[in-house]
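**Student:** This one is start.cif, mmCIF, C-alpha atoms.
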```
data_model
loop_
_atom_site.label_atom_id
_atom_site.label_comp_id
_atom_site.auth_asym_id
_atom_site.auth_seq_id
_atom_site.Cartn_x
_atom_site.Cartn_y
_atom_site.Cartn_z
CA MET A 221 1.95 -27.36 10.31
CA LYS A 222 2.65 -27.78 14.02
CA PRO A 223 4.21 -25.04 16.10
CA ARG A 224 7.86 -25.46 16.92
CA HIS A 225 9.86 -23.61 19.51
CA ASP A 226 13.26 -22.36 18.47
CA PRO A 227 15.56 -22.56 21.54
CA HIS A 228 17.77 -19.87 20.01
CA SER A 229 14.92 -17.37 19.63
CA SER A 230 14.14 -14.64 22.14
CA ASP A 231 12.40 -16.37 25.06
CA TRP A 232 10.79 -13.11 26.13
CA ILE A 233 8.52 -13.24 23.09
CA SER A 234 6.85 -16.47 24.21
CA ARG A 235 6.57 -15.05 27.75
CA PHE A 236 5.12 -11.71 26.58
CA PRO A 237 2.17 -10.68 28.83
CA VAL A 238 -0.23 -10.86 25.86
CA TYR A 239 -0.02 -12.65 22.53
CA TYR A 240 3.00 -11.14 20.74
CA GLY A 241 0.92 -10.83 17.58
CA TRP A 242 -0.54 -7.66 19.08
CA MET A 243 2.94 -6.17 19.27
CA ILE A 244 3.50 -7.34 15.69
CA LEU A 245 0.30 -5.53 14.71
CA ALA A 246 1.53 -2.32 16.36
CA VAL A 247 5.06 -2.27 14.95
CA GLY A 248 3.94 -3.62 11.56
CA THR A 249 1.41 -0.80 11.32
CA PHE A 250 4.13 1.66 12.30
CA GLY A 251 6.23 0.23 9.47
CA ILE A 252 3.39 0.74 6.99
CA ILE A 253 2.97 4.34 8.15
CA MET A 254 6.72 4.91 7.76
CA THR A 255 6.51 3.93 4.08
CA SER A 256 4.83 7.33 3.58
CA PRO A 257 7.84 9.14 2.02
CA GLY A 258 7.65 6.59 -0.80
CA GLN A 259 3.87 6.83 -1.19
CA THR A 260 2.00 9.08 -3.58
CA TYR A 261 0.04 10.91 -0.87
CA ILE A 262 3.31 12.35 0.49
CA ILE A 263 5.19 12.74 -2.80
CA GLN A 264 2.25 14.74 -4.20
CA ALA A 265 2.95 17.40 -1.57
CA PHE A 266 6.28 18.07 -3.30
CA ILE A 267 5.08 17.99 -6.93
CA GLU A 268 4.43 21.71 -7.34
CA GLU A 269 7.83 22.39 -5.72
CA PHE A 270 9.57 20.13 -8.25
CA ILE A 271 7.80 21.84 -11.15
CA ARG A 272 8.54 25.35 -9.89
CA ASP A 273 12.04 24.93 -8.40
CA LEU A 274 13.50 22.57 -11.01
CA GLY A 275 11.77 24.18 -14.00
CA LEU A 276 10.17 20.93 -15.16
CA SER A 277 6.81 20.43 -16.88
CA ARG A 278 4.00 18.50 -15.24
CA THR A 279 4.20 15.86 -17.97
CA LEU A 280 7.94 15.38 -17.42
CA VAL A 281 7.57 15.08 -13.64
CA SER A 282 4.72 12.60 -14.13
CA THR A 283 6.82 10.61 -16.60
CA LEU A 284 9.80 10.52 -14.23
CA TYR A 285 7.47 9.32 -11.49
CA MET A 286 6.19 6.62 -13.83
CA ILE A 287 9.76 5.50 -14.56
CA GLY A 288 10.57 5.40 -10.86
CA THR A 289 7.45 3.41 -10.07
CA LEU A 290 7.96 0.95 -12.94
CA ALA A 291 11.55 0.46 -11.80
CA ASN A 292 10.17 -0.35 -8.36
CA ALA A 293 8.03 -3.14 -9.82
CA VAL A 294 10.99 -4.58 -11.74
CA LEU A 295 13.45 -4.28 -8.85
CA LEU A 296 11.10 -6.06 -6.44
CA GLN A 297 11.37 -9.13 -8.65
CA LEU A 298 15.03 -8.80 -9.69
CA VAL A 299 16.22 -8.29 -6.12
CA GLY A 300 13.78 -10.91 -4.86
CA VAL A 301 12.52 -8.94 -1.87
CA GLY A 302 9.60 -11.33 -1.31
CA ARG A 303 11.84 -14.41 -1.38
CA MET A 304 14.28 -12.73 1.00
CA ILE A 305 11.45 -12.08 3.46
CA ASP A 306 10.35 -15.73 3.23
CA LYS A 307 13.89 -17.03 3.80
CA ARG A 308 15.52 -14.49 6.13
CA GLY A 309 12.59 -13.01 7.99
CA PRO A 310 11.72 -9.35 8.51
CA ARG A 311 14.26 -8.15 11.11
CA VAL A 312 17.34 -7.66 8.95
CA MET A 313 15.18 -6.65 6.00
CA VAL A 314 13.44 -3.85 7.89
CA LEU A 315 16.74 -2.55 9.28
CA VAL A 316 18.40 -2.35 5.86
CA VAL A 317 15.35 -1.03 4.02
CA SER A 318 14.58 1.67 6.63
CA ILE A 319 18.15 2.98 6.53
CA LEU A 320 18.22 3.01 2.73
CA LEU A 321 14.83 4.74 2.52
CA GLY A 322 16.11 7.33 5.00
CA ILE A 323 19.23 7.93 2.90
CA ALA A 324 17.05 8.26 -0.21
CA CYS A 325 14.97 10.96 1.52
CA ILE A 326 18.08 12.87 2.56
CA LEU A 327 19.48 12.72 -0.97
CA MET A 328 16.18 14.02 -2.38
CA GLY A 329 17.08 17.31 -0.72
CA PHE A 330 20.02 17.64 -3.12
CA VAL A 331 18.09 17.04 -6.37
CA HIS A 332 18.83 19.62 -9.07
CA SER A 333 17.95 17.94 -12.38
CA ALA A 334 15.43 15.66 -14.04
CA LEU A 335 17.89 12.74 -13.91
CA MET A 336 18.47 13.15 -10.19
CA LEU A 337 14.72 13.42 -9.59
CA CYS A 338 14.16 10.21 -11.53
CA LEU A 339 16.77 8.36 -9.47
CA GLY A 340 15.19 9.76 -6.32
CA PHE A 341 11.76 8.52 -7.37
CA ILE A 342 13.21 5.05 -8.02
CA ALA A 343 14.76 4.90 -4.55
CA LEU A 344 11.71 6.28 -2.73
CA ARG A 345 9.30 3.94 -4.49
CA PHE A 346 11.48 0.82 -4.21
CA PHE A 347 12.45 1.17 -0.56
CA GLY A 348 9.16 2.77 0.59
CA GLN A 349 6.14 1.73 -1.45
CA GLY A 350 7.76 -1.58 -2.36
CA SER A 351 10.14 -3.09 0.18
CA LEU A 352 9.17 -1.60 3.57
CA ASN A 353 5.49 -1.98 2.75
CA LEU A 354 5.98 -5.63 1.77
CA VAL A 355 8.05 -6.48 4.86
CA SER A 356 5.58 -4.91 7.28
CA GLY A 357 2.38 -6.21 5.72
CA THR A 358 3.69 -9.74 5.20
CA MET A 359 4.82 -9.95 8.81
CA ILE A 360 1.38 -9.01 10.15
CA ASN A 361 -0.28 -11.62 7.95
CA GLN A 362 2.12 -14.30 9.23
CA TRP A 363 0.94 -13.82 12.82
CA TRP A 364 -2.81 -13.79 12.12
CA VAL A 365 -5.01 -16.23 10.18
CA ARG A 366 -8.61 -16.51 11.39
CA ARG A 367 -8.81 -12.85 12.48
CA ARG A 368 -6.56 -11.50 9.74
CA GLY A 369 -9.16 -9.19 8.21
CA THR A 370 -10.14 -7.75 11.58
CA VAL A 371 -6.51 -7.15 12.54
CA ARG A 372 -5.68 -5.54 9.19
CA GLY A 373 -8.77 -3.39 9.69
CA ILE A 374 -7.34 -2.14 12.98
CA SER A 375 -4.05 -1.47 11.21
CA GLY A 376 -5.91 0.38 8.49
CA VAL A 377 -7.62 2.67 11.00
CA ALA A 378 -4.28 3.76 12.44
CA THR A 379 -2.77 4.16 8.99
CA SER A 380 -5.71 6.23 7.80
CA LEU A 381 -5.67 8.55 10.80
CA LEU A 382 -1.93 9.13 10.84
CA ALA A 383 -0.62 8.55 7.31
CA LEU A 384 -3.51 9.88 5.24
CA SER A 385 -5.24 12.45 7.44
CA VAL A 386 -2.32 13.93 9.37
CA LEU A 387 0.95 13.39 7.49
CA PRO A 388 0.14 15.16 4.17
CA ALA A 389 -0.87 18.32 6.04
CA CYS A 390 2.18 18.06 8.32
CA VAL A 391 4.54 17.63 5.37
CA LYS A 392 2.91 20.56 3.57
CA TRP A 393 3.39 22.68 6.71
CA LEU A 394 6.99 21.51 6.94
CA ILE A 395 7.63 22.48 3.32
CA HIS A 396 6.19 25.96 3.88
CA THR A 397 8.13 26.37 7.14
CA VAL A 398 11.63 25.11 6.31
CA GLY A 399 11.51 24.45 2.55
CA TRP A 400 11.09 21.23 0.63
CA ARG A 401 14.76 20.23 0.70
CA PRO A 402 15.18 20.38 4.52
CA ALA A 403 11.77 18.70 4.82
CA TYR A 404 13.14 15.65 3.03
CA GLY A 405 16.13 15.64 5.38
CA ILE A 406 13.81 15.53 8.40
CA LEU A 407 11.87 12.61 6.90
CA GLY A 408 15.12 10.73 6.29
CA ALA A 409 16.43 11.29 9.81
CA THR A 410 13.15 9.99 11.24
CA LEU A 411 13.42 6.76 9.26
CA ILE A 412 17.03 6.11 10.25
CA GLY A 413 16.70 7.21 13.87
CA ILE A 414 13.33 5.65 14.73
CA MET A 415 12.05 3.12 12.19
CA ALA A 416 15.30 1.19 11.74
CA PRO A 417 15.92 0.38 15.45
CA VAL A 418 12.23 -0.22 16.23
CA GLY A 419 11.96 -2.67 13.35
CA TYR A 420 15.16 -4.51 14.17
CA PHE A 421 14.34 -5.05 17.84
CA LEU A 422 10.62 -5.82 17.56
CA PHE A 423 9.92 -7.38 14.14
CA ARG A 424 9.67 -11.21 14.12
CA ARG A 425 9.05 -13.76 11.37
CA ARG A 426 6.35 -16.23 12.50
CA PRO A 427 4.65 -17.25 15.76
CA GLU A 428 5.71 -20.89 15.26
CA ASP A 429 9.37 -19.84 15.60
CA HIS A 430 8.63 -18.91 19.22
CA GLY A 431 6.43 -21.81 20.27
CA LEU A 432 3.24 -19.86 19.55
CA LEU A 433 0.28 -20.23 17.18
CA PRO A 434 -1.32 -17.69 14.84
CA ASP A 435 -4.11 -15.67 16.48
CA GLY A 436 -2.75 -16.64 19.91
CA GLY A 437 -4.42 -20.06 19.64
CA SER A 438 -4.14 -22.94 22.10
CA ARG A 439 -1.26 -25.39 21.77
CA ASP A 440 -3.60 -28.35 22.32
CA GLU A 441 -2.78 -30.76 19.50
CA SER A 442 -6.44 -31.27 18.64
CA VAL A 443 -6.71 -27.54 18.01
CA VAL A 444 -3.41 -27.09 16.20
CA GLU A 445 -4.35 -28.78 12.96
CA SER A 446 -7.65 -26.91 12.61
CA ALA A 447 -6.07 -23.63 13.69
CA ILE A 448 -3.36 -23.77 11.05
CA ALA A 449 -5.42 -25.47 8.31
CA GLU A 450 -4.89 -23.21 5.31
CA PRO A 451 -3.93 -23.46 1.64
CA SER A 452 -0.26 -23.64 0.69
CA TYR A 453 0.58 -22.51 -2.85
CA THR A 454 3.99 -21.79 -4.29
CA ARG A 455 4.41 -18.63 -6.32
CA SER A 456 4.27 -20.50 -9.64
CA GLU A 457 1.17 -22.42 -8.54
CA ALA A 458 -0.60 -19.24 -7.49
CA MET A 459 0.21 -17.60 -10.81
CA ARG A 460 -1.43 -20.50 -12.66
CA THR A 461 -4.83 -19.79 -11.14
CA PRO A 462 -7.25 -17.48 -13.02
CA ALA A 463 -8.22 -15.77 -9.76
CA PHE A 464 -4.68 -14.48 -9.27
CA TRP A 465 -4.77 -12.55 -12.53
CA THR A 466 -8.33 -11.23 -12.34
CA LEU A 467 -7.80 -9.99 -8.79
CA SER A 468 -4.40 -8.53 -9.68
CA LEU A 469 -5.89 -6.69 -12.67
CA GLY A 470 -8.66 -5.26 -10.50
CA VAL A 471 -6.17 -4.05 -7.89
CA ALA A 472 -3.85 -2.69 -10.59
CA THR A 473 -6.71 -0.69 -12.12
CA MET A 474 -7.65 0.87 -8.78
CA SER A 475 -3.97 1.54 -8.16
CA MET A 476 -3.53 3.17 -11.57
CA LEU A 477 -6.53 5.46 -11.36
CA GLY A 478 -6.29 6.09 -7.62
CA THR A 479 -2.61 6.97 -7.73
CA GLY A 480 -3.16 9.31 -10.67
CA LEU A 481 -5.97 11.10 -8.85
CA ILE A 482 -3.85 11.53 -5.71
CA PHE A 483 -0.74 12.58 -7.65
CA HIS A 484 -2.64 15.35 -9.45
CA MET A 485 -5.00 16.17 -6.56
CA GLU A 486 -3.94 19.81 -6.32
CA SER A 487 -4.39 20.59 -10.01
CA ILE A 488 -7.66 18.60 -10.25
CA VAL A 489 -9.11 20.76 -7.47
CA THR A 490 -7.58 24.13 -8.39
CA ASP A 491 -8.46 23.75 -12.09
CA GLN A 492 -12.11 24.01 -11.02
CA GLY A 493 -11.66 27.30 -9.17
CA LEU A 494 -10.94 26.01 -5.68
CA THR A 495 -7.79 26.79 -3.68
CA SER A 496 -4.70 24.70 -3.02
CA ALA A 497 -5.62 24.77 0.68
CA ILE A 498 -8.89 23.00 -0.14
CA ALA A 499 -6.94 20.51 -2.25
CA ALA A 500 -4.77 19.67 0.76
CA ALA A 501 -7.85 19.50 2.99
CA VAL A 502 -9.44 16.87 0.73
CA PHE A 503 -7.11 14.32 2.33
CA VAL A 504 -8.82 14.87 5.70
CA PRO A 505 -12.15 13.26 4.68
CA VAL A 506 -10.17 10.62 2.78
CA GLY A 507 -8.39 9.63 5.97
CA LEU A 508 -11.40 10.02 8.28
CA THR A 509 -13.57 7.83 6.06
CA GLN A 510 -10.91 5.16 6.10
CA ALA A 511 -10.51 5.47 9.86
CA LEU A 512 -14.26 5.00 10.38
CA LEU A 513 -14.72 2.12 7.95
CA ARG A 514 -11.48 0.12 7.99
CA PHE A 515 -12.40 -1.87 11.10
CA PRO A 516 -15.95 -2.86 10.04
CA PHE A 517 -14.69 -3.68 6.54
CA GLY A 518 -11.91 -5.76 8.13
CA VAL A 519 -14.46 -7.73 10.15
CA LEU A 520 -16.57 -8.13 6.99
CA VAL A 521 -13.73 -9.46 4.85
CA ASP A 522 -13.21 -12.27 7.37
CA ARG A 523 -16.75 -13.38 6.48
CA ILE A 524 -17.06 -12.80 2.72
CA CYS A 525 -14.88 -13.50 -0.28
CA PRO A 526 -12.40 -10.63 -0.83
CA ARG A 527 -13.16 -10.57 -4.56
CA LEU A 528 -16.61 -9.11 -3.79
CA MET A 529 -14.98 -6.26 -1.89
CA ILE A 530 -12.62 -5.65 -4.82
CA ALA A 531 -15.64 -5.48 -7.15
CA PHE A 532 -17.34 -2.97 -4.83
CA GLY A 533 -14.19 -0.83 -4.81
CA LEU A 534 -14.11 -0.82 -8.61
CA VAL A 535 -17.69 0.45 -8.81
CA ILE A 536 -16.85 3.26 -6.37
CA GLN A 537 -13.79 4.05 -8.51
CA ALA A 538 -16.05 4.75 -11.48
CA VAL A 539 -18.17 7.08 -9.33
CA ILE A 540 -15.03 8.94 -8.21
CA LEU A 541 -13.94 9.58 -11.79
CA TRP A 542 -17.37 11.07 -12.52
CA MET A 543 -17.16 13.26 -9.40
CA ALA A 544 -13.60 14.46 -10.12
CA THR A 545 -14.75 16.81 -12.88
CA ARG A 546 -17.64 18.27 -10.86
CA LEU A 547 -15.88 19.82 -7.85
CA THR A 548 -17.79 23.10 -7.95
CA SER A 549 -17.74 23.83 -4.22
CA THR A 550 -15.79 23.12 -1.05
CA MET A 551 -18.49 20.68 0.08
CA ALA A 552 -18.29 18.83 -3.25
CA ALA A 553 -14.54 18.48 -2.76
CA TYR A 554 -15.02 17.06 0.73
CA VAL A 555 -17.67 14.59 -0.46
CA TYR A 556 -15.27 13.59 -3.23
CA GLY A 557 -12.59 12.97 -0.61
CA ALA A 558 -14.93 10.85 1.52
CA THR A 559 -15.95 8.77 -1.51
CA PHE A 560 -12.30 8.35 -2.43
CA GLY A 561 -11.68 7.11 1.10
CA LEU A 562 -14.47 4.54 0.72
CA MET A 563 -12.83 3.18 -2.42
CA GLN A 564 -9.49 2.91 -0.66
CA VAL A 565 -11.10 1.10 2.27
CA ALA A 566 -12.45 -1.60 -0.04
CA TRP A 567 -9.23 -1.84 -2.04
CA GLY A 568 -6.90 -1.73 0.95
CA THR A 569 -8.85 -4.13 3.16
CA ALA A 570 -9.33 -6.81 0.52
CA GLY A 571 -5.81 -6.42 -0.86
CA ALA A 572 -4.27 -6.75 2.60
CA VAL A 573 -5.69 -10.22 3.24
CA MET A 574 -6.66 -11.92 -0.01
CA TRP A 575 -3.27 -13.33 -1.03
CA ALA A 576 -2.75 -14.95 2.36
CA LYS A 577 -6.38 -16.12 2.47
CA PHE A 578 -6.30 -17.70 -0.98
CA TYR A 579 -2.71 -18.97 -1.16
CA GLY A 580 -1.47 -19.46 2.43
CA ARG A 581 1.49 -18.16 4.46
CA LYS A 582 4.36 -20.42 3.45
CA HIS A 583 5.29 -18.51 0.28
CA LEU A 584 3.36 -15.35 1.12
CA GLY A 585 6.30 -12.99 0.60
CA SER A 586 6.99 -14.27 -2.91
CA ILE A 587 3.32 -14.31 -3.96
CA SER A 588 2.58 -10.89 -2.46
CA SER A 589 5.68 -9.49 -4.16
CA VAL A 590 4.40 -10.47 -7.62
CA ALA A 591 0.93 -9.07 -6.89
CA LEU A 592 2.46 -5.88 -5.51
CA SER A 593 4.60 -5.46 -8.63
CA ILE A 594 1.52 -5.75 -10.84
CA GLY A 595 -0.23 -3.10 -8.77
CA ILE A 596 2.85 -0.89 -8.89
CA VAL A 597 2.86 -1.02 -12.69
CA GLY A 598 -0.68 0.33 -12.57
CA SER A 599 0.30 3.07 -10.14
CA ALA A 600 3.16 4.03 -12.47
CA LEU A 601 0.92 4.56 -15.48
CA GLY A 602 -1.84 6.60 -13.84
CA PRO A 603 0.02 9.85 -13.04
CA MET A 604 1.76 9.97 -16.43
CA ILE A 605 -1.43 9.35 -18.43
CA MET A 606 -3.41 11.93 -16.46
CA GLY A 607 -0.62 14.50 -16.57
CA ALA A 608 -0.23 14.11 -20.33
CA ALA A 609 -4.01 14.34 -20.84
CA ARG A 610 -4.17 17.64 -18.98
CA ASP A 611 -1.18 19.10 -20.82
CA LEU A 612 -2.56 18.06 -24.22
CA MET A 613 -6.28 18.77 -23.72
CA GLY A 614 -6.17 21.40 -20.99
CA SER A 615 -8.50 19.37 -18.80
CA TYR A 616 -8.81 15.98 -17.13
CA ALA A 617 -12.50 15.63 -18.04
CA PRO A 618 -12.21 13.92 -21.47
CA LEU A 619 -9.94 11.20 -20.07
CA PHE A 620 -11.99 10.63 -16.91
CA ASN A 621 -15.24 10.31 -18.86
CA VAL A 622 -13.74 7.55 -21.01
CA VAL A 623 -11.80 5.49 -18.46
CA ALA A 624 -14.69 5.45 -15.96
CA PHE A 625 -16.08 2.44 -17.84
CA LEU A 626 -12.95 0.33 -17.22
CA PRO A 627 -13.49 -0.32 -13.49
CA LEU A 628 -17.16 -1.16 -14.13
CA VAL A 629 -16.17 -3.91 -16.57
CA LEU A 630 -13.56 -5.29 -14.18
CA ALA A 631 -16.08 -5.25 -11.32
CA VAL A 632 -18.26 -7.68 -13.27
CA VAL A 633 -15.25 -9.88 -14.06
CA ASN A 634 -14.22 -10.06 -10.41
CA ILE A 635 -17.75 -10.97 -9.30
CA MET A 636 -17.77 -13.84 -11.78
CA VAL A 637 -14.33 -15.28 -10.99
CA ARG A 638 -14.21 -18.16 -8.51
CA PRO A 639 -11.67 -18.43 -5.70
CA PRO A 640 -8.55 -20.59 -6.35
CA GLN A 641 -9.31 -24.31 -6.43
CA PRO A 642 -6.78 -27.08 -5.61
CA GLN A 643 -7.71 -28.95 -8.79
CA GLU A 644 -6.50 -25.97 -10.85
CA ILE A 645 -2.97 -26.86 -9.75
CA SER A 646 -3.20 -30.59 -10.13
CA SER A 647 -4.65 -30.29 -13.62
CA SER A 648 -2.22 -27.64 -14.90
#
```
Just give me the structure as structure tokens.

**Tutor:**
Amino acid sequence: MKPRHDPHSSDWISRFPVYYGWMILAVGTFGIIMTSPGQTYIIQAFIEEFIRDLGLSRTLVSTLYMIGTLANAVLLQLVGVGRMIDKRGPRVMVLVVSILLGIACILMGFVHSALMLCLGFIALRFFGQGSLNLVSGTMINQWWVRRRGTVRGISGVATSLLALSVLPACVKWLIHTVGWRPAYGILGATLIGIMAPVGYFLFRRRPEDHGLLPDGGSRDESVVESAIAEPSYTRSEAMRTPAFWTLSLGVATMSMLGTGLIFHMESIVTDQGLTSAIAAAVFVPVGLTQALLRFPFGVLVDRICPRLMIAFGLVIQAVILWMATRLTSTMAAYVYGATFGLMQVAWGTAGAVMWAKFYGRKHLGSISSVALSIGIVGSALGPMIMGAARDLMGSYAPLFNVVAFLPLVLAVVNIMVRPPQPQEISSS
């Protein structure tokens, strides 16, 4: 695919002092960070408030969260967010999604019943975890090919430092200072007032639309073909490869168990005699570990097959489940957080690049949307299953001891699976 210059596009992008992909990296990362109100690590800060203020049980709140998350997976496909990104580009999408996510946050401040909370979860998950996340991540992958893993590693460092290490503590402070309802209003105003205009003015679809090449490559025709040489699968073709399903199942498992552990972080820690302050502090080593390791893991994933990194993450997941019932001291909780961060580094780094690496950029939005929906289904089940287990058995330990074997089995499967092969399409 040769680069083409669109005379109607913004000329300033092609004349930008440095390759505009670096700006895409910055604003795309900002977009990923701004998905936080729809992510579990922020929603978990409000869970105890929902239970106490609305008079709901932990199982009911977990079930409502599951419904909201499952609805997110379904809506991503029914609305066709991935296809809309492929056809219309990210600018209009990020404007609309940011405003709607902001409105959803503001309305969360007026929740007074289980039904309203369920609708709020649906909106937060669909516009945050689903749509804004997909728009931002897909755009970054469109502008980078050869150095995609390295670039997503840089993005992951910023996300880890700001979204995982800083934001949960800031939101918790905000809740204690102004209350959880005004806190949601502040989050909503930030999305509408900052994310929406930044995304609309700076997001762009592909470098080829502006006479540029991915990675800031040379326009010399002898370089073009090798620079852009990459696979090109449609969504249906990708879904006919065994690798798509084994990788998706591995990611969905890490999403299911990881989301459940984050969602119930406070009760997992406090059930073992530690304080809620320590539970909140666990996110600091989670974020710091990711900040330290995202870049080297990003460089590494440019050089190895992402499925090996997924397998490594699954093994670490099993270790985390074993550790989660043995948090007998503050240091044990911090080591648990650091190990959790290591798992998320492997999962996040491989997941950020593998669909583009295996299936190409042309239909990346559609393919990533399906994979994201599968992962979202996993993230929907984890909190509900863990919440019900604690309510029924009084402890998380029996469940964790059993399900720890699941990621180990899937790690072996992902090591054995081969990357997608062109002949798999021609023979199917």

**Student:** What is the CA of Arg368 in chain A to CA of Tyr239 in chain A distance in Å?

**Tutor:**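 Answer for the CA of Arg368 in chain A to CA of Tyr239 in chain A separation: 14.4 Å.
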
**Student:** Taking the file above as input, evaluate the PyMOL selection byres ((chain A and resi 524-534) around 6) and report the hits as a list of chain:residue names.

**Tutor:** A:Val521, A:Arg523, A:Val535, A:Ile536, A:Gln537, A:Met563, A:Ala566, A:Trp567, A:Ala570, A:Met574, A:Pro627, A:Ala631, A:Asn634, A:Ile635

**Student:** Identify the residues around (5.9, -19.2, 23.0) within a radius of 8 Å, measuring from only C-alpha atoms in the coordinates stated by the file, and give them as JSON, numbers by chain.

**Tutor:** {"A": [225, 231, 233, 234, 235, 427, 428, 430, 431, 432]}

**Student:** Using only C-alpha atoms, which of the listed residues (A:Asn292, A:Ser333, A:Thr454, A:Thr283) sits closest to Gly585 in chain A?

**Tutor:**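 The closest residue to Gly585 in chain A is A:Thr454.
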
**Student:** What do you get, as a list of chain:residue names, if you spell out every residue that the PyMOL selection byres ((chain A and resi 605-618) around 7) selects here?

**Tutor:** A:Arg278, A:Thr279, A:Ser282, A:Gly480, A:Thr545, A:Leu601, A:Gly602, A:Pro603, A:Met604, A:Leu619, A:Phe620, A:Asn621, A:Val622

**Student:** Go ahead and write the residues just picked, C-alpha atoms, as a CSV table (one decimal), in the frame of the given file.

**Tutor:**
```
chain,number,residue,atom,x,y,z
A,278,ARG,CA,4.0,18.5,-15.2
A,279,THR,CA,4.2,15.9,-18.0
A,282,SER,CA,4.7,12.6,-14.1
A,480,GLY,CA,-3.2,9.3,-10.7
A,545,THR,CA,-14.8,16.8,-12.9
A,601,LEU,CA,0.9,4.6,-15.5
A,602,GLY,CA,-1.8,6.6,-13.8
A,603,PRO,CA,0.0,9.8,-13.0
A,604,MET,CA,1.8,10.0,-16.4
A,619,LEU,CA,-9.9,11.2,-20.1
A,620,PHE,CA,-12.0,10.6,-16.9
A,621,ASN,CA,-15.2,10.3,-18.9
A,622,VAL,CA,-13.7,7.6,-21.0
```

**Student:** Would you mind listing, for every residue of range 246-274 of chain A within 12 Å of range 407-419 of chain A, the two atoms forming the shortest contact and the distance between them in Å to one decimal, using all atoms listed in the file, sorted by chain and ascending residue number, as a Markdown table?

**Tutor:**
```
| residue | atom | partner | partner_atom | distance |
| --- | --- | --- | --- | --- |
| A:Ala246 | CA | A:Gly419 | CA | 10.9 |
| A:Val247 | CA | A:Gly419 | CA | 7.1 |
| A:Gly248 | CA | A:Gly419 | CA | 8.3 |
| A:Thr249 | CA | A:Gly419 | CA | 10.9 |
| A:Phe250 | CA | A:Met415 | CA | 8.1 |
| A:Gly251 | CA | A:Met415 | CA | 7.0 |
| A:Ile252 | CA | A:Met415 | CA | 10.4 |
| A:Ile253 | CA | A:Met415 | CA | 10.0 |
| A:Met254 | CA | A:Leu411 | CA | 7.1 |
| A:Thr255 | CA | A:Leu411 | CA | 9.1 |
| A:Ser256 | CA | A:Leu407 | CA | 9.4 |
| A:Pro257 | CA | A:Leu407 | CA | 7.2 |
| A:Gly258 | CA | A:Leu407 | CA | 10.6 |
| A:Ile262 | CA | A:Leu407 | CA | 10.7 |
| A:Ile263 | CA | A:Leu407 | CA | 11.8 |
```

**Student:** Assuming the chain letters and numbering stay as they are in my file, what does the PyMOL selection byres ((chain A and resi 478) around 9) actually select? List them as JSON, numbers by chain.

**Tutor:** {"A": [473, 474, 475, 476, 477, 479, 480, 481, 482, 483, 537, 560, 563, 564, 599, 602]}

**Student:** What lies within 8 Å of Val637 in chain A using only C-alpha atoms, ignoring chain neighbours under 5 positions off, as a list in words?

**Tutor:** Pro462, Ala463 and Thr466 of chain A

**Student:** Record the distance separating CA of Leu327 in chain A and CA of Leu394 in chain A, expressed in Å with one decimal.

**Tutor:**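 Computing it gives 17.2 Å between the two atoms.
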